[in-house]
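Reading through the structure tokens given below for one structure.
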Amino acid sequence: MWKSVIYKEWLKTRWFLIIYAAIGVLAVGRIFLKVQHDFTFNEATNFWYVILFQGYQYFGILKFLPALGGLIIAVSQFFPETVNKRIKLTFHLPIVENKVMIIMMLFGACCLLLTFGVVSLFFYGLSIIYFPHEIIHGALVTMTPWFLAGLAIYFLAALIILEPVWKFRFLYALVAVAFIPSVFFDDTITGGYSPANPVLFVLVIIMSTALLFSGYRFRKGEM
Amino acid sequence: MVRLSRYFLVIIAIIAFSVVIPKFYWMAFEKPVRSPFVMYSCVENDFMIQKSTQDGLVRTDTRGNNYTREQYEEKLPLMYMRQLMISGTMPDTINGVFMDAREINDERSTFRLRTRDLFTPDPGLYPMFESQSGRANLEMPDDYFRITWRMEFVDANTNKILEEKSRMFSAVLYNRGFDFPAKSINGIPTTRKSIDEGYLVIDSEDQLFHVKMIKGKPFVEKVEIPEGLKFKHISCVDFRNKRYYAYLFSEENDLYILTQDDYVLKKLPVDGLIPEEQEIKIYADYFHYNIISDGEGYMRSQILDADFNPVDEYSETWPVKMERTEGKIYKFLFPGELSLSNSNSNYNAFFLNLNKSINWLVLSLILIVIQFFIIKRRNEKFKNQIVDFTAILFTGIFGFLAVNIFPNKFFK
């Protein structure tokens, strides 16, 4: 049965996922197109210098890409479930209700992780051609909260979409708007997030259960 | 599991509100607190204090005399030399010394160390400039070095290690007794300086080395330092008089200078400098060194003469943010605040700033009473809401908002 649930999730999200992954790969391609252009026009040593000592982030265009991914996957996966309250059909399947929710959530999170993994690997693979590990390490530390924000937005967007009562949707959105920018996108310099990243990681893990809450409220017919 | 998911959401909401709400509060009500600008007058042998008050800028000395802008500038002739020359009021001699503009300029220097300069990610790679290229301007090299298990130069064009250069520098460092890896590499990694003096490097055994490149070859000098002395921060300087390479702060919060060419480490007779808590400023001129430590709510200025003998000192305190009206109200509203950034650090971490008073408990108790009525209206049992009440008690307004945005309706 759970295979069918996963297949249903795949049917809902596949095109969004493929297009999003393509955008991610293109964005990384764009970064290194510019890097090789700047190496040619400004000399490699000057490019390294502005990264090391003047805070230039050559990977800056990736900043909101994971956030966009989280939002796209959450909407593609859970918005169709709210149309005519279709998710109630899922709850009539012979699987424990919470388990269905967890499978759905795991599916979305794994898809996101997979695309983030592809984008990061592609980024890393091209980075080691041009940069030493100090620069790559700084870049990855800086990008970690952006990717974690993508997952956090996915979990919170799923929570908001599945919430049956508009008033609470608005309040959850308020929490999300307060939480995401101030925690994941605070003013920083390259490598500055290194002490915060482990805590952000834990927070994202505990947020992964968020969907169960609105799923429960949906089942209990909160209006 | 579902109940647990709610508590997790409540935690997320408490974190979000404890970051955002106090931030908005300070944005709306915080007023600037400017520390006084204190300089030492070589004419009066007294401190000149400039403060911004409600009536605008006020300039005084320690005896209570008030000065106009022009009078103030005349009391600090070495600092405002250009202005005094334009006005024609620059004295020919001060304290019996003939005032030569070039000499005044050469002896004048400004140094500033902010706390955030201590807590900042290390770039890990540095450019090694050619110190004696014979060119008027410094040129950016094509490679950068790191000091890990050896000293390695990485070519930026190819991203490959330059083996020969790396071996040459590593061997000289090793022969001079350097213990790899480096703990800190301190220099001025820019071409915008008068000359290059390379880097002051601390090795893993807290020994101090001066490393630079002269005509493509390594120059390494081990600096003799007293037994047990450890430096936590070194700021290299590029002053015109070339008297010393750097200001060095020891683990014991002593301030040293390292003299140029003869490598004498000299401890300055100042105390109470804590770079982790204060902004340190050092203004030097022909006659004096003015070493200022600016902390939260206080400043201290210690004056040394040109031979580093103590001359005078001045200190001042003022009410900090929490002692002012907006701070007093804050103490009644919030149990504390969380912030991802801090003006004293370039790192982002979860900085928790707890309210030192217990005034906020009043609001917590009021909110508990309100929550009591909310629950009563919902016809729910109080014993099922104990966690929520506890959350409100300890996190006040943040917890109250969080438990009501994610209501506990599992027991209906």
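Letters for chains follow the order of the structure tokens (A, B, ...), residue numbers begin at 1 for each chain, and ligand numbers begin at 1 in the order shown.
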Can you build me a table of chain A residues sitting at most 9 Å from chain B, with the closest atom pair per residue and its distance in Å to one decimal, using only C-alpha atoms, sorted by chain and residue number, as a Markdown table?
| residue | atom | partner | partner_atom | distance |
| --- | --- | --- | --- | --- |
| A:Phe39 | CA | B:Asn157 | CA | 8.0 |
| A:Glu43 | CA | B:Asn157 | CA | 7.7 |
| A:Ala44 | CA | B:Asn157 | CA | 5.3 |
| A:Thr45 | CA | B:Ala156 | CA | 5.2 |
| A:Asn46 | CA | B:Met140 | CA | 7.7 |
| A:Phe47 | CA | B:Ala156 | CA | 8.7 |
| A:Trp48 | CA | B:Ala156 | CA | 7.1 |
| A:Tyr49 | CA | B:Pro127 | CA | 8.4 |
| A:Leu52 | CA | B:Pro123 | CA | 5.6 |
| A:Phe53 | CA | B:Pro123 | CA | 7.2 |
| A:Asn98 | CA | B:Val2 | CA | 8.1 |
| A:Ile128 | CA | B:Asn159 | CA | 8.3 |
| A:Ile129 | CA | B:Asn159 | CA | 7.1 |
| A:Tyr130 | CA | B:Asn159 | CA | 6.0 |
| A:Phe131 | CA | B:Asn159 | CA | 6.1 |
| A:Pro132 | CA | B:Asn159 | CA | 6.4 |
| A:Glu134 | CA | B:Gly124 | CA | 6.1 |
| A:Ile135 | CA | B:Pro123 | CA | 7.7 |
| A:Gly138 | CA | B:Pro123 | CA | 8.3 |
| A:Phe168 | CA | B:Ile405 | CA | 6.9 |
| A:Leu171 | CA | B:Ile405 | CA | 6.2 |
| A:Tyr172 | CA | B:Ile405 | CA | 7.0 |
| A:Val175 | CA | B:Ala13 | CA | 5.8 |
| A:Ala176 | CA | B:Ala16 | CA | 8.0 |
| A:Val177 | CA | B:Ala16 | CA | 8.7 |
| A:Ala178 | CA | B:Ala16 | CA | 5.4 |
| A:Phe179 | CA | B:Ala16 | CA | 4.4 |
| A:Ile180 | CA | B:Ala16 | CA | 8.1 |
| A:Ser182 | CA | B:Val19 | CA | 7.1 |
| A:Val183 | CA | B:Leu340 | CA | 6.3 |
| A:Phe184 | CA | B:Leu340 | CA | 8.7 |
| A:Asp186 | CA | B:Leu340 | CA | 6.5 |
| A:Asp187 | CA | B:Ser341 | CA | 7.3 |
| A:Thr188 | CA | B:Asn348 | CA | 6.8 |
| A:Ile189 | CA | B:Asn346 | CA | 7.0 |
| A:Thr190 | CA | B:Pro121 | CA | 7.8 |
| A:Gly191 | CA | B:Pro121 | CA | 6.0 |
| A:Gly192 | CA | B:Tyr347 | CA | 4.2 |
| A:Tyr193 | CA | B:Asn348 | CA | 4.8 |
| A:Ser194 | CA | B:Asn348 | CA | 7.2 |
| A:Pro195 | CA | B:Ala349 | CA | 5.3 |
| A:Ala196 | CA | B:Ala349 | CA | 4.3 |
| A:Asn197 | CA | B:Ala349 | CA | 8.1 |
| A:Val199 | CA | B:Phe350 | CA | 8.1 |
| A:Leu203 | CA | B:Ile12 | CA | 7.6 |
| A:Ile206 | CA | B:Phe8 | CA | 6.1 |
| A:Met207 | CA | B:Phe8 | CA | 6.7 |
| A:Ser208 | CA | B:Ser5 | CA | 8.5 |
| A:Thr209 | CA | B:Ser5 | CA | 5.2 |
| A:Ala210 | CA | B:Ser5 | CA | 5.5 |
| A:Leu211 | CA | B:Ser5 | CA | 8.0 |
| A:Leu212 | CA | B:Val2 | CA | 5.5 |
| A:Phe213 | CA | B:Val2 | CA | 5.7 |
| A:Gly215 | CA | B:Val2 | CA | 8.9 |
| A:Tyr216 | CA | B:Val2 | CA | 7.1 |
| A:Arg217 | CA | B:Lys409 | CA | 8.9 |
Could you pull the residues within 12 Å of Leu208 (chain B), counting only C-alpha atoms, minus those fewer than 3 positions along the same chain, as a PyMOL selection string?
chain B and resi 173+176-179+182-186+199-205+211+220-227+229-234+248+258+263+265
Using only C-alpha atoms, pick whichever of B:Met99, B:Leu352, B:Leu333, B:Met128 has the shortest atom-to-atom distance to Gly396 (chain B).
B:Leu333
Give me, as a PDB file with all heavy atoms, in the first residue's frame, all polymer residues having an atom no more than 9 Å from Ser131 (chain B), counting only C-alpha atoms and skipping those fewer than 6 positions away in the same chain.
ATOM      1  N   LEU B 138      53.157  48.017  -4.136  1.00  0.00           N
ATOM      2  CA  LEU B 138      53.101  46.578  -3.880  1.00  0.00           C
ATOM      3  C   LEU B 138      52.222  45.915  -4.935  1.00  0.00           C
ATOM      4  O   LEU B 138      51.261  46.510  -5.423  1.00  0.00           O
ATOM      5  CB  LEU B 138      52.511  46.319  -2.498  1.00  0.00           C
ATOM      6  CG  LEU B 138      53.404  46.673  -1.305  1.00  0.00           C
ATOM      7  CD1 LEU B 138      52.596  46.630  -0.023  1.00  0.00           C
ATOM      8  CD2 LEU B 138      54.575  45.709  -1.226  1.00  0.00           C
ATOM      9  N   ILE B 195      54.633  49.814   3.000  1.00  0.00           N
ATOM     10  CA  ILE B 195      55.587  48.761   2.612  1.00  0.00           C
ATOM     11  C   ILE B 195      55.043  47.440   3.154  1.00  0.00           C
ATOM     12  O   ILE B 195      54.117  47.432   3.960  1.00  0.00           O
ATOM     13  CB  ILE B 195      57.005  48.997   3.194  1.00  0.00           C
ATOM     14  CG1 ILE B 195      56.931  49.174   4.719  1.00  0.00           C
ATOM     15  CG2 ILE B 195      57.699  50.153   2.528  1.00  0.00           C
ATOM     16  CD1 ILE B 195      58.263  49.038   5.396  1.00  0.00           C
ATOM     17  N   ASP B 196      55.666  46.338   2.721  1.00  0.00           N
ATOM     18  CA  ASP B 196      55.203  45.056   3.245  1.00  0.00           C
ATOM     19  C   ASP B 196      56.157  44.570   4.329  1.00  0.00           C
ATOM     20  O   ASP B 196      57.381  44.622   4.165  1.00  0.00           O
ATOM     21  CB  ASP B 196      55.145  44.012   2.133  1.00  0.00           C
ATOM     22  CG  ASP B 196      54.771  42.657   2.696  1.00  0.00           C
ATOM     23  OD1 ASP B 196      53.653  42.536   3.219  1.00  0.00           O
ATOM     24  OD2 ASP B 196      55.612  41.737   2.671  1.00  0.00           O
ATOM     25  N   GLU B 197      55.578  44.131   5.420  1.00  0.00           N
ATOM     26  CA  GLU B 197      56.390  43.558   6.494  1.00  0.00           C
ATOM     27  C   GLU B 197      55.989  42.116   6.761  1.00  0.00           C
ATOM     28  O   GLU B 197      56.263  41.568   7.826  1.00  0.00           O
ATOM     29  CB  GLU B 197      56.269  44.407   7.773  1.00  0.00           C
ATOM     30  CG  GLU B 197      57.081  45.697   7.752  1.00  0.00           C
ATOM     31  CD  GLU B 197      58.589  45.462   7.619  1.00  0.00           C
ATOM     32  OE1 GLU B 197      59.047  44.320   7.808  1.00  0.00           O
ATOM     33  OE2 GLU B 197      59.304  46.430   7.292  1.00  0.00           O
ATOM     34  N   GLY B 198      55.291  41.495   5.835  1.00  0.00           N
ATOM     35  CA  GLY B 198      54.949  40.083   5.967  1.00  0.00           C
ATOM     36  C   GLY B 198      53.956  39.807   7.085  1.00  0.00           C
ATOM     37  O   GLY B 198      53.033  40.600   7.311  1.00  0.00           O
ATOM     38  N   LYS B 212      58.411  36.793   6.204  1.00  0.00           N
ATOM     39  CA  LYS B 212      58.122  37.579   5.007  1.00  0.00           C
ATOM     40  C   LYS B 212      58.946  37.051   3.838  1.00  0.00           C
ATOM     41  O   LYS B 212      59.742  36.105   4.006  1.00  0.00           O
ATOM     42  CB  LYS B 212      58.339  39.068   5.240  1.00  0.00           C
ATOM     43  CG  LYS B 212      59.738  39.503   5.607  1.00  0.00           C
ATOM     44  CD  LYS B 212      59.745  41.027   5.789  1.00  0.00           C
ATOM     45  CE  LYS B 212      61.080  41.511   6.303  1.00  0.00           C
ATOM     46  NZ  LYS B 212      61.119  42.958   6.481  1.00  0.00           N
ATOM     47  N   MET B 213      58.754  37.639   2.670  1.00  0.00           N
ATOM     48  CA  MET B 213      59.482  37.172   1.493  1.00  0.00           C
ATOM     49  C   MET B 213      60.334  38.328   0.962  1.00  0.00           C
ATOM     50  O   MET B 213      59.821  39.416   0.693  1.00  0.00           O
ATOM     51  CB  MET B 213      58.490  36.711   0.418  1.00  0.00           C
ATOM     52  CG  MET B 213      59.175  36.142  -0.826  1.00  0.00           C
ATOM     53  SD  MET B 213      58.020  35.215  -1.850  1.00  0.00           S
ATOM     54  CE  MET B 213      57.062  36.541  -2.571  1.00  0.00           C
ATOM     55  N   ILE B 214      61.630  38.072   0.821  1.00  0.00           N
ATOM     56  CA  ILE B 214      62.535  39.090   0.294  1.00  0.00           C
ATOM     57  C   ILE B 214      63.184  38.531  -0.969  1.00  0.00           C
ATOM     58  O   ILE B 214      63.890  37.523  -0.909  1.00  0.00           O
ATOM     59  CB  ILE B 214      63.609  39.480   1.336  1.00  0.00           C
ATOM     60  CG1 ILE B 214      62.926  40.071   2.585  1.00  0.00           C
ATOM     61  CG2 ILE B 214      64.593  40.474   0.747  1.00  0.00           C
ATOM     62  CD1 ILE B 214      63.866  40.383   3.730  1.00  0.00           C
ATOM     63  N   LYS B 215      62.905  39.179  -2.060  1.00  0.00           N
ATOM     64  CA  LYS B 215      63.420  38.758  -3.377  1.00  0.00           C
ATOM     65  C   LYS B 215      63.177  37.271  -3.635  1.00  0.00           C
ATOM     66  O   LYS B 215      64.081  36.512  -4.019  1.00  0.00           O
ATOM     67  CB  LYS B 215      64.908  39.091  -3.486  1.00  0.00           C
ATOM     68  CG  LYS B 215      65.173  40.594  -3.330  1.00  0.00           C
ATOM     69  CD  LYS B 215      66.468  41.002  -3.949  1.00  0.00           C
ATOM     70  CE  LYS B 215      66.764  42.479  -3.721  1.00  0.00           C
ATOM     71  NZ  LYS B 215      65.753  43.394  -4.237  1.00  0.00           N
ATOM     72  N   GLY B 216      61.948  36.866  -3.341  1.00  0.00           N
ATOM     73  CA  GLY B 216      61.541  35.496  -3.623  1.00  0.00           C
ATOM     74  C   GLY B 216      61.996  34.472  -2.603  1.00  0.00           C
ATOM     75  O   GLY B 216      61.643  33.297  -2.693  1.00  0.00           O
TER      76      GLY B 216
END
Any idea what's packed within 10 Å of Thr68 (chain B), counting only C-alpha atoms, ignoring anything in its chain fewer than 6 positions away? Could you give it as a count of residues only?
5
Spatial neighbours of Tyr80 (chain B), max dist 12 Å, only C-alpha atoms, sep filter under 4 positions, as number ranges by chain:
B: 39, 41, 69-76, 84-91, 101, 104-105, 108, 285
Mind checking which residues fall within 9 Å of region 291-296 of chain B, counting only C-alpha atoms, ignoring those fewer than 4 positions away in the same chain, and posting them as a JSON list (two decimals) with all heavy atoms, in the first residue's frame?
[["chain", "number", "residue", "atom", "x", "y", "z"],
["B", 35, "SER", "N", 29.42, 57.23, 23.25],
["B", 35, "SER", "CA", 30.45, 57.41, 24.26],
["B", 35, "SER", "C", 31.18, 58.72, 23.97],
["B", 35, "SER", "O", 31.31, 59.12, 22.82],
["B", 35, "SER", "CB", 31.42, 56.23, 24.26],
["B", 35, "SER", "OG", 31.98, 56.09, 22.99],
["B", 38, "VAL", "N", 37.32, 61.35, 23.95],
["B", 38, "VAL", "CA", 38.26, 61.91, 24.92],
["B", 38, "VAL", "C", 39.67, 61.92, 24.33],
["B", 38, "VAL", "O", 40.20, 60.88, 23.94],
["B", 38, "VAL", "CB", 38.24, 61.08, 26.22],
["B", 38, "VAL", "CG1", 39.28, 61.61, 27.20],
["B", 38, "VAL", "CG2", 36.86, 61.14, 26.86],
["B", 270, "VAL", "N", 49.74, 49.76, 30.83],
["B", 270, "VAL", "CA", 48.29, 50.05, 30.88],
["B", 270, "VAL", "C", 47.61, 48.80, 31.42],
["B", 270, "VAL", "O", 48.16, 47.70, 31.33],
["B", 270, "VAL", "CB", 47.72, 50.39, 29.48],
["B", 270, "VAL", "CG1", 48.17, 51.75, 29.03],
["B", 270, "VAL", "CG2", 48.10, 49.34, 28.46],
["B", 272, "GLY", "N", 43.53, 46.85, 32.46],
["B", 272, "GLY", "CA", 42.07, 46.84, 32.28],
["B", 272, "GLY", "C", 41.61, 46.79, 30.84],
["B", 272, "GLY", "O", 40.46, 47.10, 30.54],
["B", 273, "LEU", "N", 42.51, 46.40, 29.93],
["B", 273, "LEU", "CA", 42.07, 46.29, 28.53],
["B", 273, "LEU", "C", 41.52, 44.88, 28.30],
["B", 273, "LEU", "O", 42.25, 43.90, 28.49],
["B", 273, "LEU", "CB", 43.24, 46.54, 27.58],
["B", 273, "LEU", "CG", 43.97, 47.88, 27.67],
["B", 273, "LEU", "CD1", 45.03, 47.96, 26.58],
["B", 273, "LEU", "CD2", 42.99, 49.03, 27.52],
["B", 274, "ILE", "N", 40.26, 44.80, 27.94],
["B", 274, "ILE", "CA", 39.66, 43.48, 27.68],
["B", 274, "ILE", "C", 39.08, 43.51, 26.27],
["B", 274, "ILE", "O", 37.94, 43.94, 26.06],
["B", 274, "ILE", "CB", 38.54, 43.15, 28.71],
["B", 274, "ILE", "CG1", 39.05, 43.41, 30.13],
["B", 274, "ILE", "CG2", 38.07, 41.71, 28.55],
["B", 274, "ILE", "CD1", 37.98, 43.38, 31.18],
["B", 275, "PRO", "N", 39.86, 43.10, 25.27],
["B", 275, "PRO", "CA", 39.39, 43.22, 23.89],
["B", 275, "PRO", "C", 38.12, 42.42, 23.60],
["B", 275, "PRO", "O", 37.40, 42.75, 22.66],
["B", 275, "PRO", "CB", 40.55, 42.70, 23.04],
["B", 275, "PRO", "CG", 41.63, 42.35, 23.96],
["B", 275, "PRO", "CD", 41.22, 42.57, 25.36],
["B", 277, "GLU", "N", 35.53, 42.48, 25.40],
["B", 277, "GLU", "CA", 34.37, 43.24, 25.87],
["B", 277, "GLU", "C", 34.41, 44.71, 25.46],
["B", 277, "GLU", "O", 33.41, 45.40, 25.56],
["B", 277, "GLU", "CB", 34.31, 43.19, 27.41],
["B", 277, "GLU", "CG", 34.03, 41.82, 27.95],
["B", 277, "GLU", "CD", 34.17, 41.78, 29.48],
["B", 277, "GLU", "OE1", 34.19, 42.85, 30.11],
["B", 277, "GLU", "OE2", 34.27, 40.66, 30.01],
["B", 278, "GLN", "N", 35.59, 45.18, 25.07],
["B", 278, "GLN", "CA", 35.72, 46.62, 24.81],
["B", 278, "GLN", "C", 36.27, 46.86, 23.42],
["B", 278, "GLN", "O", 36.97, 46.03, 22.87],
["B", 278, "GLN", "CB", 36.73, 47.22, 25.81],
["B", 278, "GLN", "CG", 36.43, 46.96, 27.25],
["B", 278, "GLN", "CD", 37.69, 47.09, 28.12],
["B", 278, "GLN", "OE1", 38.81, 47.00, 27.63],
["B", 278, "GLN", "NE2", 37.49, 47.31, 29.40],
["B", 279, "GLU", "N", 35.90, 48.04, 22.91],
["B", 279, "GLU", "CA", 36.57, 48.49, 21.70],
["B", 279, "GLU", "C", 37.83, 49.22, 22.16],
["B", 279, "GLU", "O", 37.76, 50.09, 23.03],
["B", 279, "GLU", "CB", 35.65, 49.44, 20.94],
["B", 279, "GLU", "CG", 36.26, 49.93, 19.65],
["B", 279, "GLU", "CD", 35.28, 50.73, 18.81],
["B", 279, "GLU", "OE1", 34.08, 50.40, 18.77],
["B", 279, "GLU", "OE2", 35.74, 51.71, 18.19],
["B", 280, "ILE", "N", 38.98, 48.84, 21.61],
["B", 280, "ILE", "CA", 40.24, 49.46, 22.02],
["B", 280, "ILE", "C", 40.67, 50.44, 20.93],
["B", 280, "ILE", "O", 40.70, 50.09, 19.74],
["B", 280, "ILE", "CB", 41.35, 48.40, 22.19],
["B", 280, "ILE", "CG1", 40.88, 47.22, 23.04],
["B", 280, "ILE", "CG2", 42.64, 49.04, 22.72],
["B", 280, "ILE", "CD1", 40.77, 47.46, 24.50],
["B", 281, "LYS", "N", 40.94, 51.68, 21.35],
["B", 281, "LYS", "CA", 41.43, 52.67, 20.38],
["B", 281, "LYS", "C", 42.75, 53.25, 20.90],
["B", 281, "LYS", "O", 42.86, 53.50, 22.09],
["B", 281, "LYS", "CB", 40.39, 53.79, 20.21],
["B", 281, "LYS", "CG", 39.16, 53.31, 19.44],
["B", 281, "LYS", "CD", 38.12, 54.38, 19.31],
["B", 281, "LYS", "CE", 37.26, 54.44, 20.54],
["B", 281, "LYS", "NZ", 36.04, 55.24, 20.39],
["B", 282, "ILE", "N", 43.70, 53.39, 20.01],
["B", 282, "ILE", "CA", 44.98, 53.97, 20.42],
["B", 282, "ILE", "C", 45.31, 55.13, 19.48],
["B", 282, "ILE", "O", 45.50, 54.92, 18.28],
["B", 282, "ILE", "CB", 46.11, 52.92, 20.40],
["B", 282, "ILE", "CG1", 45.73, 51.73, 21.29],
["B", 282, "ILE", "CG2", 47.43, 53.55, 20.87],
["B", 282, "ILE", "CD1", 46.72, 50.59, 21.26],
["B", 283, "TYR", "N", 45.31, 56.33, 20.03],
["B", 283, "TYR", "CA", 45.69, 57.51, 19.25],
["B", 283, "TYR", "C", 47.09, 57.91, 19.70],
["B", 283, "TYR", "O", 47.31, 58.14, 20.89],
["B", 283, "TYR", "CB", 44.73, 58.67, 19.52],
["B", 283, "TYR", "CG", 43.30, 58.40, 19.13],
["B", 283, "TYR", "CD1", 42.37, 57.99, 20.09],
["B", 283, "TYR", "CD2", 42.87, 58.55, 17.81],
["B", 283, "TYR", "CE1", 41.06, 57.73, 19.74],
["B", 283, "TYR", "CE2", 41.56, 58.29, 17.46],
["B", 283, "TYR", "CZ", 40.66, 57.88, 18.43],
["B", 283, "TYR", "OH", 39.37, 57.63, 18.08],
["B", 284, "ALA", "N", 48.01, 57.97, 18.75],
["B", 284, "ALA", "CA", 49.37, 58.37, 19.12],
["B", 284, "ALA", "C", 49.72, 59.67, 18.41],
["B", 284, "ALA", "O", 49.27, 59.92, 17.29],
["B", 284, "ALA", "CB", 50.35, 57.28, 18.72],
["B", 300, "ARG", "N", 37.53, 54.40, 29.38],
["B", 300, "ARG", "CA", 38.70, 54.78, 30.15],
["B", 300, "ARG", "C", 39.79, 55.17, 29.17],
["B", 300, "ARG", "O", 39.96, 54.52, 28.14],
["B", 300, "ARG", "CB", 39.15, 53.58, 30.99],
["B", 300, "ARG", "CG", 40.28, 53.89, 31.92],
["B", 300, "ARG", "CD", 40.44, 52.77, 32.93],
["B", 300, "ARG", "NE", 41.66, 52.93, 33.68],
["B", 300, "ARG", "CZ", 42.49, 51.93, 33.97],
["B", 300, "ARG", "NH1", 42.21, 50.71, 33.57],
["B", 300, "ARG", "NH2", 43.59, 52.14, 34.65],
["B", 301, "SER", "N", 40.46, 56.27, 29.50],
["B", 301, "SER", "CA", 41.55, 56.72, 28.64],
["B", 301, "SER", "C", 42.82, 56.74, 29.48],
["B", 301, "SER", "O", 42.85, 57.35, 30.55],
["B", 301, "SER", "CB", 41.21, 58.13, 28.12],
["B", 301, "SER", "OG", 42.37, 58.76, 27.68],
["B", 302, "GLN", "N", 43.85, 56.04, 29.01],
["B", 302, "GLN", "CA", 45.12, 56.01, 29.73],
["B", 302, "GLN", "C", 46.17, 56.66, 28.83],
["B", 302, "GLN", "O", 46.31, 56.30, 27.67],
["B", 302, "GLN", "CB", 45.52, 54.57, 30.05],
["B", 302, "GLN", "CG", 44.47, 53.87, 30.90],
["B", 302, "GLN", "CD", 44.80, 52.41, 31.17],
["B", 302, "GLN", "OE1", 45.69, 52.08, 31.92],
["B", 302, "GLN", "NE2", 44.06, 51.52, 30.53],
["B", 303, "ILE", "N", 46.87, 57.65, 29.41],
["B", 303, "ILE", "CA", 47.83, 58.42, 28.62],
["B", 303, "ILE", "C", 49.26, 58.00, 28.96],
["B", 303, "ILE", "O", 49.63, 57.92, 30.14],
["B", 303, "ILE", "CB", 47.66, 59.94, 28.89],
["B", 303, "ILE", "CG1", 46.19, 60.36, 28.69],
["B", 303, "ILE", "CG2", 48.59, 60.76, 28.00],
["B", 303, "ILE", "CD1", 45.66, 60.17, 27.29],
["B", 304, "LEU", "N", 50.04, 57.73, 27.92],
["B", 304, "LEU", "CA", 51.47, 57.45, 28.09],
["B", 304, "LEU", "C", 52.24, 58.52, 27.33],
["B", 304, "LEU", "O", 51.74, 59.04, 26.33],
["B", 304, "LEU", "CB", 51.83, 56.08, 27.52],
["B", 304, "LEU", "CG", 51.00, 54.88, 27.96],
["B", 304, "LEU", "CD1", 51.49, 53.63, 27.26],
["B", 304, "LEU", "CD2", 51.08, 54.68, 29.47],
["B", 317, "THR", "N", 31.50, 56.96, 33.24],
["B", 317, "THR", "CA", 30.45, 55.95, 33.07],
["B", 317, "THR", "C", 29.16, 56.65, 32.69],
["B", 317, "THR", "O", 29.00, 57.86, 32.90],
["B", 317, "THR", "CB", 30.20, 55.15, 34.36],
["B", 317, "THR", "OG1", 29.83, 56.08, 35.38],
["B", 317, "THR", "CG2", 31.42, 54.37, 34.79],
["B", 318, "TRP", "N", 28.24, 55.90, 32.13],
["B", 318, "TRP", "CA", 26.92, 56.45, 31.80],
["B", 318, "TRP", "C", 25.91, 55.31, 31.84],
["B", 318, "TRP", "O", 26.31, 54.14, 31.80],
["B", 318, "TRP", "CB", 26.95, 57.13, 30.41],
["B", 318, "TRP", "CG", 27.46, 56.25, 29.32],
["B", 318, "TRP", "CD1", 26.75, 55.41, 28.55],
["B", 318, "TRP", "CD2", 28.82, 56.13, 28.88],
["B", 318, "TRP", "NE1", 27.55, 54.76, 27.65],
["B", 318, "TRP", "CE2", 28.84, 55.18, 27.84],
["B", 318, "TRP", "CE3", 30.04, 56.71, 29.26],
["B", 318, "TRP", "CZ2", 30.00, 54.81, 27.18],
["B", 318, "TRP", "CZ3", 31.20, 56.34, 28.60],
["B", 318, "TRP", "CH2", 31.17, 55.40, 27.57],
["B", 320, "VAL", "N", 23.62, 52.42, 31.01],
["B", 320, "VAL", "CA", 23.51, 51.53, 29.85],
["B", 320, "VAL", "C", 22.03, 51.45, 29.45],
["B", 320, "VAL", "O", 21.15, 51.90, 30.17],
["B", 320, "VAL", "CB", 24.07, 50.13, 30.13],
["B", 320, "VAL", "CG1", 25.55, 50.20, 30.41],
["B", 320, "VAL", "CG2", 23.35, 49.47, 31.28],
["B", 321, "LYS", "N", 21.82, 50.84, 28.29],
["B", 321, "LYS", "CA", 20.48, 50.72, 27.71],
["B", 321, "LYS", "C", 19.44, 50.20, 28.72],
["B", 321, "LYS", "O", 18.34, 50.73, 28.81],
["B", 321, "LYS", "CB", 20.66, 49.80, 26.51],
["B", 321, "LYS", "CG", 19.55, 49.16, 25.89],
["B", 321, "LYS", "CD", 20.00, 48.59, 24.55],
["B", 321, "LYS", "CE", 20.01, 47.09, 24.56],
["B", 321, "LYS", "NZ", 20.11, 46.49, 23.23]]
